[in-house]
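The file protein-v1.tsv comes next; it holds TSV, C-alpha atoms.
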chain	number	residue	atom	x	y	z
Z	1	MET	CA	0.00	0.00	0.00
Z	2	SER	CA	2.84	2.40	0.71
Z	3	ARG	CA	5.61	3.40	-1.68
Z	4	ARG	CA	8.25	6.04	-2.26
Z	5	ALA	CA	7.12	9.63	-2.76
Z	6	GLY	CA	7.01	10.40	-6.50
Z	7	ALA	CA	5.96	13.72	-8.02
Z	8	LEU	CA	6.44	15.68	-4.79
Z	9	ASP	CA	10.15	16.30	-4.27
Z	10	LEU	CA	10.67	15.71	-0.55
Z	11	PRO	CA	14.03	15.77	1.23
Z	12	LEU	CA	15.65	12.85	2.98
Z	13	ARG	CA	15.52	12.80	6.76
Z	14	GLN	CA	18.67	11.25	8.18
Z	15	GLY	CA	19.01	9.34	4.94
Z	16	VAL	CA	15.42	8.02	4.92
Z	17	ALA	CA	13.30	8.87	1.88
Z	18	ALA	CA	9.65	9.81	2.22
Z	19	SER	CA	7.04	7.12	1.65
Z	20	THR	CA	3.60	7.72	0.17
Z	21	VAL	CA	0.28	6.06	0.92
Z	22	ALA	CA	-2.95	6.70	-1.01
Z	23	VAL	CA	-6.22	6.54	0.92
Z	24	PRO	CA	-8.51	3.86	-0.57
Z	25	ALA	CA	-12.28	3.86	-0.44
Z	26	GLY	CA	-13.42	3.58	3.16
Z	27	ALA	CA	-14.73	5.41	6.18
Z	28	TRP	CA	-11.97	7.18	8.12
Z	29	PRO	CA	-13.14	10.47	9.62
Z	30	THR	CA	-9.59	11.76	10.12
Z	31	VAL	CA	-6.07	11.18	8.88
Z	32	LEU	CA	-5.19	9.89	12.35
Z	33	ASP	CA	-7.96	7.27	12.18
Z	34	PHE	CA	-6.68	6.07	8.80
Z	35	LEU	CA	-3.00	5.87	9.73
Z	36	ALA	CA	-3.64	4.17	13.07
Z	37	GLU	CA	-5.75	1.48	11.40
Z	38	ARG	CA	-3.90	0.90	8.13
Z	39	LEU	CA	-0.29	1.33	9.33
Z	40	PRO	CA	-0.43	-0.29	12.78
Z	41	ALA	CA	3.33	-0.75	13.11
Z	42	LEU	CA	3.05	2.54	15.00
Z	43	SER	CA	0.53	3.05	17.78
Z	44	ARG	CA	-2.27	5.59	17.55
Z	45	ALA	CA	-0.42	7.71	20.10
Z	46	ASP	CA	2.74	7.62	17.95
Z	47	TRP	CA	0.83	8.67	14.83
Z	48	HIS	CA	-0.84	11.46	16.80
Z	49	ALA	CA	2.56	12.72	17.92
Z	50	ARG	CA	3.94	12.63	14.37
Z	51	LEU	CA	0.96	14.44	12.92
Z	52	ALA	CA	1.12	17.04	15.68
Z	53	GLY	CA	4.82	17.46	14.96
Z	54	GLY	CA	4.25	18.14	11.26
Z	55	GLU	CA	5.76	14.83	10.08
Z	56	VAL	CA	2.88	13.82	7.79
Z	57	LEU	CA	2.23	15.88	4.64
Z	58	ASP	CA	-0.52	16.01	2.04
Z	59	GLU	CA	-0.09	15.82	-1.75
Z	60	THR	CA	0.90	19.50	-1.88
Z	61	GLY	CA	3.51	19.18	0.86
Z	62	GLN	CA	1.38	20.85	3.56
Z	63	ARG	CA	1.46	19.53	7.10
Z	64	LEU	CA	-1.60	17.60	8.23
Z	65	ALA	CA	-3.11	17.86	11.70
Z	66	PRO	CA	-4.40	14.75	13.52
Z	67	ASP	CA	-8.02	15.83	12.91
Z	68	ALA	CA	-7.53	16.60	9.20
Z	69	PRO	CA	-10.22	14.98	7.03
Z	70	CYS	CA	-9.27	11.82	5.16
Z	71	PRO	CA	-11.14	11.63	1.84
Z	72	HIS	CA	-10.74	8.82	-0.67
Z	73	GLY	CA	-7.74	9.44	-2.92
Z	74	ARG	CA	-5.82	11.71	-0.55
Z	75	ARG	CA	-2.09	11.05	-0.68
Z	76	LEU	CA	-0.13	11.11	2.55
Z	77	HIS	CA	3.66	11.44	2.76
Z	78	TYR	CA	5.62	10.34	5.82
Z	79	TRP	CA	9.12	9.24	6.83
Z	80	ARG	CA	9.71	5.78	8.22
Z	81	TRP	CA	11.63	5.69	11.47
Z	82	HIS	CA	11.25	4.03	14.84
Z	83	ALA	CA	11.69	5.74	18.17
Z	84	GLN	CA	13.16	2.51	19.56
Z	85	GLU	CA	15.24	1.59	16.51
Z	86	PRO	CA	18.04	-0.68	17.76
Z	87	ALA	CA	21.63	0.49	17.60
Z	88	LEU	CA	23.62	-2.04	15.60
Z	89	PRO	CA	26.91	-3.53	16.84
Z	90	GLY	CA	28.82	-2.67	13.64
Z	91	HIS	CA	29.20	0.12	11.08
Z	92	GLU	CA	29.57	0.15	7.31
Z	93	ALA	CA	32.86	0.95	5.59
Z	94	ILE	CA	33.38	2.50	2.16
Z	95	VAL	CA	35.43	0.17	-0.03
Z	96	PHE	CA	35.23	2.32	-3.18
Z	97	GLN	CA	33.52	5.48	-4.42
Z	98	ASP	CA	33.50	7.40	-7.69
Z	99	GLU	CA	30.91	9.34	-9.69
Z	100	TRP	CA	29.15	6.12	-10.70
Z	101	LEU	CA	29.46	3.62	-7.87
Z	102	VAL	CA	29.70	3.22	-4.13
Z	103	VAL	CA	30.87	-0.14	-2.82
Z	104	ALA	CA	30.30	-0.67	0.88
Z	105	ASP	CA	31.23	-3.32	3.41
Z	106	LYS	CA	28.06	-4.09	5.36
Z	107	PRO	CA	28.27	-5.61	8.85
Z	108	HIS	CA	26.10	-8.46	10.06
Z	109	PHE	CA	22.53	-7.56	11.09
Z	110	MET	CA	22.31	-4.35	9.00
Z	111	PRO	CA	19.60	-4.43	6.29
Z	112	VAL	CA	20.51	-2.98	2.90
Z	113	THR	CA	17.26	-0.97	2.70
Z	114	PRO	CA	14.81	0.16	5.40
Z	115	SER	CA	12.80	-2.80	6.65
Z	116	GLY	CA	11.23	-4.07	9.83
Z	117	ARG	CA	12.67	-2.34	12.89
Z	118	PHE	CA	15.44	-0.66	10.90
Z	119	ALA	CA	15.11	2.54	8.87
Z	120	ARG	CA	17.81	5.05	9.78
Z	121	GLN	CA	20.15	2.17	10.61
Z	122	SER	CA	19.79	0.57	7.18
Z	123	LEU	CA	22.85	0.67	4.93
Z	124	LEU	CA	21.10	2.81	2.31
Z	125	ALA	CA	19.89	5.44	4.78
Z	126	ARG	CA	23.26	5.61	6.51
Z	127	LEU	CA	25.16	6.03	3.24
Z	128	ARG	CA	22.77	8.62	1.81
Z	129	HIS	CA	23.12	10.67	4.98
Z	130	ARG	CA	26.87	10.11	5.39
Z	131	LEU	CA	27.83	10.80	1.77
Z	132	GLY	CA	25.22	13.42	0.94
Z	133	LEU	CA	23.91	11.34	-1.98
Z	134	PRO	CA	20.11	11.44	-1.83
Z	135	GLN	CA	19.68	9.46	-5.07
Z	136	LEU	CA	22.01	6.62	-4.12
Z	137	SER	CA	20.32	3.26	-4.75
Z	138	PRO	CA	21.33	-0.39	-4.26
Z	139	VAL	CA	22.12	-2.41	-7.37
Z	140	HIS	CA	21.63	-5.71	-5.53
Z	141	ARG	CA	21.03	-6.88	-1.98
Z	142	ILE	CA	22.40	-9.38	0.49
Z	143	ASP	CA	20.60	-10.73	3.53
Z	144	ARG	CA	20.54	-8.68	6.70
Z	145	ASP	CA	22.28	-11.59	8.44
Z	146	THR	CA	25.09	-11.66	5.88
Z	147	ALA	CA	28.11	-9.32	6.00
Z	148	GLY	CA	30.16	-8.03	3.09
Z	149	LEU	CA	30.08	-6.16	-0.19
Z	150	VAL	CA	27.08	-4.23	-1.49
Z	151	LEU	CA	27.15	-2.29	-4.78
Z	152	LEU	CA	25.16	0.97	-5.04
Z	153	ALA	CA	24.56	3.24	-8.03
Z	154	VAL	CA	25.24	6.96	-7.61
Z	155	GLN	CA	23.39	8.04	-10.78
Z	156	PRO	CA	19.75	6.86	-11.02
Z	157	HIS	CA	19.88	6.54	-14.81
Z	158	THR	CA	22.71	3.96	-14.65
Z	159	ARG	CA	21.18	1.67	-12.04
Z	160	ASP	CA	19.44	-0.60	-14.53
Z	161	ALA	CA	22.66	-1.13	-16.51
Z	162	TYR	CA	24.39	-2.38	-13.36
Z	163	GLN	CA	21.40	-4.49	-12.33
Z	164	ALA	CA	21.39	-6.05	-15.81
Z	165	LEU	CA	24.83	-7.50	-15.04
Z	166	PHE	CA	23.36	-9.44	-12.12
Z	167	ARG	CA	20.37	-10.58	-14.16
Z	168	ALA	CA	22.72	-11.81	-16.90
Z	169	ARG	CA	24.99	-13.55	-14.32
Z	170	ALA	CA	27.85	-11.39	-15.56
Z	171	VAL	CA	29.08	-10.60	-12.03
Z	172	HIS	CA	31.60	-12.93	-10.42
Z	173	LYS	CA	30.55	-13.28	-6.78
Z	174	GLN	CA	32.55	-15.06	-4.09
Z	175	TYR	CA	31.38	-15.73	-0.57
Z	176	GLU	CA	33.14	-17.20	2.43
Z	177	ALA	CA	31.51	-19.29	5.14
Z	178	VAL	CA	32.53	-21.27	8.18
Z	179	ALA	CA	30.73	-24.56	8.75
Z	180	PRO	CA	31.40	-28.03	10.20
Z	181	HIS	CA	34.19	-29.94	8.51
Z	182	ARG	CA	33.16	-33.24	6.90
Z	183	PRO	CA	36.05	-35.04	5.20
Z	184	ASP	CA	33.66	-37.68	3.83
Z	185	LEU	CA	32.05	-35.23	1.43
Z	186	ALA	CA	33.96	-34.61	-1.78
Z	187	LEU	CA	34.66	-31.00	-2.64
Z	188	PRO	CA	34.78	-28.91	-4.75
Z	189	ARG	CA	31.37	-29.60	-6.17
Z	190	ARG	CA	28.46	-27.99	-7.93
Z	191	TYR	CA	25.13	-28.27	-6.13
Z	192	ALA	CA	21.74	-27.62	-7.73
Z	193	SER	CA	18.19	-27.83	-6.39
Z	194	ARG	CA	14.78	-26.24	-6.68
Z	195	LEU	CA	13.99	-23.61	-4.05
Z	196	GLU	CA	10.61	-22.10	-3.24
Z	197	PRO	CA	9.29	-19.87	-0.44
Z	198	ASP	CA	8.06	-21.83	2.55
Z	199	PRO	CA	4.23	-21.60	2.45
Z	200	GLU	CA	3.90	-21.39	6.23
Z	201	ARG	CA	6.98	-19.38	7.24
Z	202	PHE	CA	7.43	-16.37	4.97
Z	203	PHE	CA	11.00	-15.67	6.11
Z	204	ILE	CA	12.59	-18.90	4.85
Z	205	SER	CA	12.82	-20.96	1.67
Z	206	ARG	CA	12.86	-24.72	1.20
Z	207	GLU	CA	14.04	-27.34	-1.27
Z	208	VAL	CA	11.29	-29.04	-3.29
Z	209	PRO	CA	11.26	-31.65	-6.07
Z	210	GLY	CA	11.49	-30.33	-9.61
Z	211	GLU	CA	13.81	-28.72	-12.10
Z	212	PRO	CA	16.62	-26.86	-10.30
Z	213	ASN	CA	16.42	-23.08	-10.17
Z	214	SER	CA	19.43	-22.59	-7.89
Z	215	VAL	CA	23.06	-23.53	-8.51
Z	216	SER	CA	26.06	-23.05	-6.20
Z	217	GLU	CA	29.73	-23.94	-6.47
Z	218	LEU	CA	31.33	-24.94	-3.17
Z	219	ALA	CA	34.94	-25.62	-2.18
Z	220	CYS	CA	36.82	-26.15	1.06
Z	221	ALA	CA	39.52	-23.50	1.48
Z	222	GLU	CA	40.96	-24.37	4.91
Z	223	VAL	CA	40.32	-26.86	7.70
Z	224	LEU	CA	39.88	-25.18	11.09
Z	225	GLY	CA	39.74	-28.12	13.47
Z	226	ARG	CA	36.11	-29.26	13.71
Z	227	HIS	CA	35.14	-26.53	11.27
Z	228	ALA	CA	36.34	-25.38	7.87
Z	229	LEU	CA	36.43	-22.21	5.80
Z	230	PHE	CA	34.52	-22.59	2.55
Z	231	HIS	CA	34.60	-20.60	-0.67
Z	232	LEU	CA	31.13	-20.38	-2.18
Z	233	ARG	CA	30.00	-19.03	-5.53
Z	234	PRO	CA	26.28	-18.55	-6.20
Z	235	VAL	CA	25.72	-19.10	-9.92
Z	236	THR	CA	22.07	-18.12	-9.46
Z	237	GLY	CA	20.55	-15.73	-6.95
Z	238	GLN	CA	17.72	-17.42	-5.07
Z	239	ARG	CA	16.88	-16.32	-1.53
Z	240	HIS	CA	19.09	-18.00	1.11
Z	241	GLN	CA	20.56	-20.20	-1.61
Z	242	LEU	CA	24.02	-20.68	-0.09
Z	243	ARG	CA	22.61	-21.27	3.38
Z	244	LEU	CA	20.19	-23.92	2.13
Z	245	HIS	CA	22.75	-25.69	-0.05
Z	246	MET	CA	25.30	-25.88	2.75
Z	247	ALA	CA	22.68	-27.24	5.14
Z	248	ALA	CA	21.50	-29.77	2.55
Z	249	LEU	CA	25.07	-31.10	2.35
Z	250	GLY	CA	25.20	-31.54	6.11
Z	251	ARG	CA	27.33	-28.45	6.65
Z	252	PRO	CA	25.04	-25.73	8.02
Z	253	ILE	CA	26.79	-22.39	8.30
Z	254	LEU	CA	27.67	-21.44	11.87
Z	255	GLY	CA	25.21	-19.01	13.39
Z	256	ASP	CA	22.42	-19.91	10.94
Z	257	ALA	CA	19.14	-19.64	12.86
Z	258	PHE	CA	16.98	-20.87	9.94
Z	259	TYR	CA	18.71	-23.85	8.32
Z	260	PRO	CA	18.51	-26.79	8.64
Z	261	ALA	CA	15.95	-26.00	11.39
Z	262	VAL	CA	14.39	-22.71	12.51
Z	263	ARG	CA	15.78	-21.83	15.94
Z	264	HIS	CA	13.94	-18.54	16.30
Z	265	ALA	CA	11.70	-16.23	14.28
Z	266	ALA	CA	12.91	-13.54	11.92
Z	267	GLY	CA	13.97	-10.33	13.63
Z	268	VAL	CA	15.45	-11.99	16.71
Z	269	ASP	CA	19.19	-11.31	16.74
Z	270	ASP	CA	21.98	-13.03	18.64
Z	271	TRP	CA	24.78	-10.50	18.28
Z	272	GLN	CA	27.27	-12.90	19.85
Z	273	ARG	CA	26.69	-15.51	17.15
Z	274	PRO	CA	26.30	-13.78	13.75
Z	275	LEU	CA	25.83	-15.87	10.65
Z	276	GLN	CA	29.30	-16.85	9.47
Z	277	LEU	CA	28.70	-15.87	5.86
Z	278	LEU	CA	30.57	-13.07	4.12
Z	279	ALA	CA	30.17	-11.59	0.63
Z	280	ARG	CA	33.92	-11.44	0.00
Z	281	ALA	CA	34.40	-10.39	-3.64
Z	282	LEU	CA	32.66	-8.86	-6.66
Z	283	ALA	CA	34.14	-8.57	-10.16
Z	284	PHE	CA	32.59	-7.40	-13.45
Z	285	THR	CA	33.09	-5.23	-16.50
Z	286	ASP	CA	31.55	-1.83	-15.82
Z	287	PRO	CA	28.73	-1.25	-18.35
Z	288	VAL	CA	29.09	2.55	-18.06
Z	289	THR	CA	32.87	3.03	-18.19
Z	290	GLY	CA	33.99	-0.25	-19.76
Z	291	GLN	CA	36.51	-0.72	-16.94
Z	292	ALA	CA	37.28	-4.04	-15.29
Z	293	ARG	CA	36.05	-3.71	-11.71
Z	294	ALA	CA	37.13	-5.94	-8.82
Z	295	PHE	CA	36.38	-5.38	-5.13
Z	296	ARG	CA	37.16	-7.32	-1.96
Z	297	SER	CA	35.73	-7.05	1.52
Z	298	SER	CA	38.15	-6.31	4.34
Z	299	LEU	CA	35.88	-7.92	6.93
Z	300	GLN	CA	36.76	-11.21	8.61
Z	301	LEU	CA	34.51	-13.97	9.90
Z	302	ALA	CA	34.91	-14.41	13.64
Z	303	ALA	CA	34.89	-18.21	13.47
Z	304	ALA	CA	37.65	-18.18	10.83
Z	305	GLN	CA	39.83	-16.42	13.39
Z	306	GLY	CA	39.02	-18.78	16.24
Z	307	ARG	CA	36.54	-16.39	17.84
Z	308	TRP	CA	33.29	-18.29	18.25
Z	309	PRO	CA	31.23	-18.84	21.43
Z	310	ASP	CA	31.71	-22.37	22.84
Z	311	GLY	CA	33.11	-23.49	19.48
Z	312	GLY	CA	29.72	-24.81	18.42
Z	313	GLY	CA	27.22	-23.93	15.75
Take the structure I supplied and represent it as structure tokens, if you would.
Amino acid sequence: MSRRAGALDLPLRQGVAASTVAVPAGAWPTVLDFLAERLPALSRADWHARLAGGEVLDETGQRLAPDAPCPHGRRLHYWRWHAQEPALPGHEAIVFQDEWLVVADKPHFMPVTPSGRFARQSLLARLRHRLGLPQLSPVHRIDRDTAGLVLLAVQPHTRDAYQALFRARAVHKQYEAVAPHRPDLALPRRYASRLEPDPERFFISREVPGEPNSVSELACAEVLGRHALFHLRPVTGQRHQLRLHMAALGRPILGDAFYPAVRHAAGVDDWQRPLQLLARALAFTDPVTGQARAFRSSLQLAAAQGRWPDGGG
């Protein structure tokens, strides 16, 4: 129901872009009644405070009072943020920046774009605010639980050209993971399966019979006692693909709360045991400049350095 503000040019607030919601047919006497019912992530008291503080605008950019009428078709603009937004244990780092691209190292637990409890603490909002680039946009995404490289376009008109590289599988991606060591399983290998969203738990995927739609290449890079460091290359880009494939081979990635079994619901974070999965490298030919681009994360997985609680998974 809500989306980014379009025709009305509204400024970022601490890196967060305005969202827009159009009032559908219904009976809401006031704007407050509508927002409290249709966007219940905030309480009625919170929406009242935001309206009273001038943080909700109409289609002309005028501030709306809590008792403003709410006719069908009215467009409301607001900024997503949470008074109790958690402070994250890590910060992003800039790996590269020019007039076309920003490449950032994202820590574990930070979403790429505003979602759930995180708006101002998302990578996109932080970078827009930090770099003064209001039109910065992600070319691709990695899971909130995963650390490592994220590519963002500086110029809006070039974003699709960079995204086309990912759609065409023209980007070489390398991940690292720490998981249990199993000498009985031959590596390197190519693993393929069919993945679909779990019909009962929206936040995970599952393997199902049928023609494969996900392919990963997996190799053991170093044995670390009971664990090992793995180099992983996702040939395709299905949700949680590497996590599922490692678990299917009996090597679930350390810190994985979803695979092979769900240990807790989405949004519950154990900051002492982050998922030991890192987007290490990206390489491609730049479609705008024609240059060969290659980037590497400077982050390190804790378990690869012998820093892991109780040594278990």
Q: Rank nothing, just name the residue among Z:Glu99, Z:Glu85, Z:Asp33, Z:Glu92 nearest to Ala65 (chain Z), using all atoms listed in the file.
A: Z:Asp33
Q. What's the 7 Å shell around region 289-299 of chain Z, counting only C-alpha atoms, without same-chain residues fewer than 6 positions away, as a list of chain:residue names?
A. Z:Asp105, Z:Gly148, Z:Leu149, Z:Arg280, Z:Ala281, Z:Leu282, Z:Ala283
Q: Identify, on the basis of all atoms listed in the file, every residue whose closest approach to region 183-193 of chain Z does not exceed 7 Å; exclude the query and any residue fewer than 6 positions from it along the same chain; express the result as JSON, numbers by chain.
A: {"Z": [207, 212, 213, 214, 215, 216, 217, 218, 219, 220]}
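CA of Ala177 (chain Z) is found 8.0 Å from CA of Leu254 (chain Z).
Comparing the minimum interatomic distances between Arg239 (chain Z) and each of Z:Arg128, Z:His172, Z:His227, Z:Arg141, counting all atoms listed in the file, we find that Z:Arg141 sits nearest.
Shortest atom-to-atom contact with Trp81 (chain Z) among Z:Pro209, Z:Pro309, Z:Gly15, Z:Gly53: Z:Gly15, counting all atoms listed in the file.
For the atom pair formed by CA of Ala257 (chain Z) and CA of Gln300 (chain Z), the distance is 20.0 Å, given to one decimal.
Nearest residue to Tyr259 (chain Z), choosing from Z:Phe203, Z:Trp79, Z:Phe230, Z:Trp271 and counting all atoms listed in the file: Z:Phe203.
Of the residues under consideration (Z:Ile142, Z:Ala279, Z:Leu151, Z:Ala68), Z:Leu151 shows the shortest atom-to-atom contact distance to Val102 (chain Z) when counting only C-alpha atoms.
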Test item: axis-aligned box, all listed atoms of region 183-197 of chain Z, 5 Å on each side, centre and edges in Å rounded to one decimal, as AutoDock Vina command-line options:
--center_x 22.7 --center_y -28.8 --center_z -1.4 --size_x 36.8 --size_y 27.8 --size_z 23.1
Incomplete region 207-224 of chain Z filled out to N, CA and C atoms as a PDB file, keeping the file's coordinate frame:
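After the write, selection.pdb holds the following:
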ATOM      1  N   GLU Z 207      13.810 -26.544  -0.071  1.00  0.00           N
ATOM      2  CA  GLU Z 207      14.040 -27.340  -1.270  1.00  0.00           C
ATOM      3  C   GLU Z 207      12.809 -28.177  -1.563  1.00  0.00           C
ATOM      4  N   VAL Z 208      12.447 -28.255  -2.850  1.00  0.00           N
ATOM      5  CA  VAL Z 208      11.290 -29.040  -3.290  1.00  0.00           C
ATOM      6  C   VAL Z 208      11.688 -29.833  -4.524  1.00  0.00           C
ATOM      7  N   PRO Z 209      10.968 -30.907  -4.837  1.00  0.00           N
ATOM      8  CA  PRO Z 209      11.260 -31.650  -6.070  1.00  0.00           C
ATOM      9  C   PRO Z 209      11.003 -30.766  -7.295  1.00  0.00           C
ATOM     10  N   GLY Z 210      11.713 -31.057  -8.372  1.00  0.00           N
ATOM     11  CA  GLY Z 210      11.490 -30.330  -9.610  1.00  0.00           C
ATOM     12  C   GLY Z 210      12.777 -29.853 -10.234  1.00  0.00           C
ATOM     13  N   GLU Z 211      12.646 -29.210 -11.367  1.00  0.00           N
ATOM     14  CA  GLU Z 211      13.810 -28.720 -12.100  1.00  0.00           C
ATOM     15  C   GLU Z 211      14.553 -27.676 -11.263  1.00  0.00           C
ATOM     16  N   PRO Z 212      15.864 -27.804 -11.129  1.00  0.00           N
ATOM     17  CA  PRO Z 212      16.620 -26.860 -10.300  1.00  0.00           C
ATOM     18  C   PRO Z 212      16.511 -25.428 -10.804  1.00  0.00           C
ATOM     19  N   ASN Z 213      16.372 -24.512  -9.857  1.00  0.00           N
ATOM     20  CA  ASN Z 213      16.420 -23.080 -10.170  1.00  0.00           C
ATOM     21  C   ASN Z 213      17.506 -22.379  -9.369  1.00  0.00           C
ATOM     22  N   SER Z 214      18.331 -23.169  -8.673  1.00  0.00           N
ATOM     23  CA  SER Z 214      19.430 -22.590  -7.890  1.00  0.00           C
ATOM     24  C   SER Z 214      20.670 -23.470  -8.055  1.00  0.00           C
ATOM     25  N   VAL Z 215      21.800 -22.815  -8.293  1.00  0.00           N
ATOM     26  CA  VAL Z 215      23.060 -23.530  -8.510  1.00  0.00           C
ATOM     27  C   VAL Z 215      24.155 -22.819  -7.714  1.00  0.00           C
ATOM     28  N   SER Z 216      24.936 -23.594  -6.967  1.00  0.00           N
ATOM     29  CA  SER Z 216      26.060 -23.050  -6.200  1.00  0.00           C
ATOM     30  C   SER Z 216      27.292 -23.900  -6.432  1.00  0.00           C
ATOM     31  N   GLU Z 217      28.450 -23.240  -6.417  1.00  0.00           N
ATOM     32  CA  GLU Z 217      29.730 -23.940  -6.470  1.00  0.00           C
ATOM     33  C   GLU Z 217      30.396 -23.787  -5.107  1.00  0.00           C
ATOM     34  N   LEU Z 218      30.828 -24.926  -4.535  1.00  0.00           N
ATOM     35  CA  LEU Z 218      31.330 -24.940  -3.170  1.00  0.00           C
ATOM     36  C   LEU Z 218      32.686 -25.626  -3.111  1.00  0.00           C
ATOM     37  N   ALA Z 219      33.603 -25.042  -2.339  1.00  0.00           N
ATOM     38  CA  ALA Z 219      34.940 -25.620  -2.180  1.00  0.00           C
ATOM     39  C   ALA Z 219      35.416 -25.371  -0.758  1.00  0.00           C
ATOM     40  N   CYS Z 220      36.229 -26.307  -0.261  1.00  0.00           N
ATOM     41  CA  CYS Z 220      36.820 -26.150   1.060  1.00  0.00           C
ATOM     42  C   CYS Z 220      38.161 -25.433   0.910  1.00  0.00           C
ATOM     43  N   ALA Z 221      38.304 -24.294   1.600  1.00  0.00           N
ATOM     44  CA  ALA Z 221      39.520 -23.500   1.480  1.00  0.00           C
ATOM     45  C   ALA Z 221      40.533 -23.819   2.571  1.00  0.00           C
ATOM     46  N   GLU Z 222      40.046 -24.143   3.786  1.00  0.00           N
ATOM     47  CA  GLU Z 222      40.960 -24.370   4.910  1.00  0.00           C
ATOM     48  C   GLU Z 222      40.237 -25.120   6.010  1.00  0.00           C
ATOM     49  N   VAL Z 223      40.881 -26.124   6.560  1.00  0.00           N
ATOM     50  CA  VAL Z 223      40.320 -26.860   7.700  1.00  0.00           C
ATOM     51  C   VAL Z 223      40.701 -26.123   8.977  1.00  0.00           C
ATOM     52  N   LEU Z 224      39.691 -25.918   9.836  1.00  0.00           N
ATOM     53  CA  LEU Z 224      39.880 -25.180  11.090  1.00  0.00           C
ATOM     54  C   LEU Z 224      39.450 -26.060  12.252  1.00  0.00           C
TER      55      LEU Z 224
END
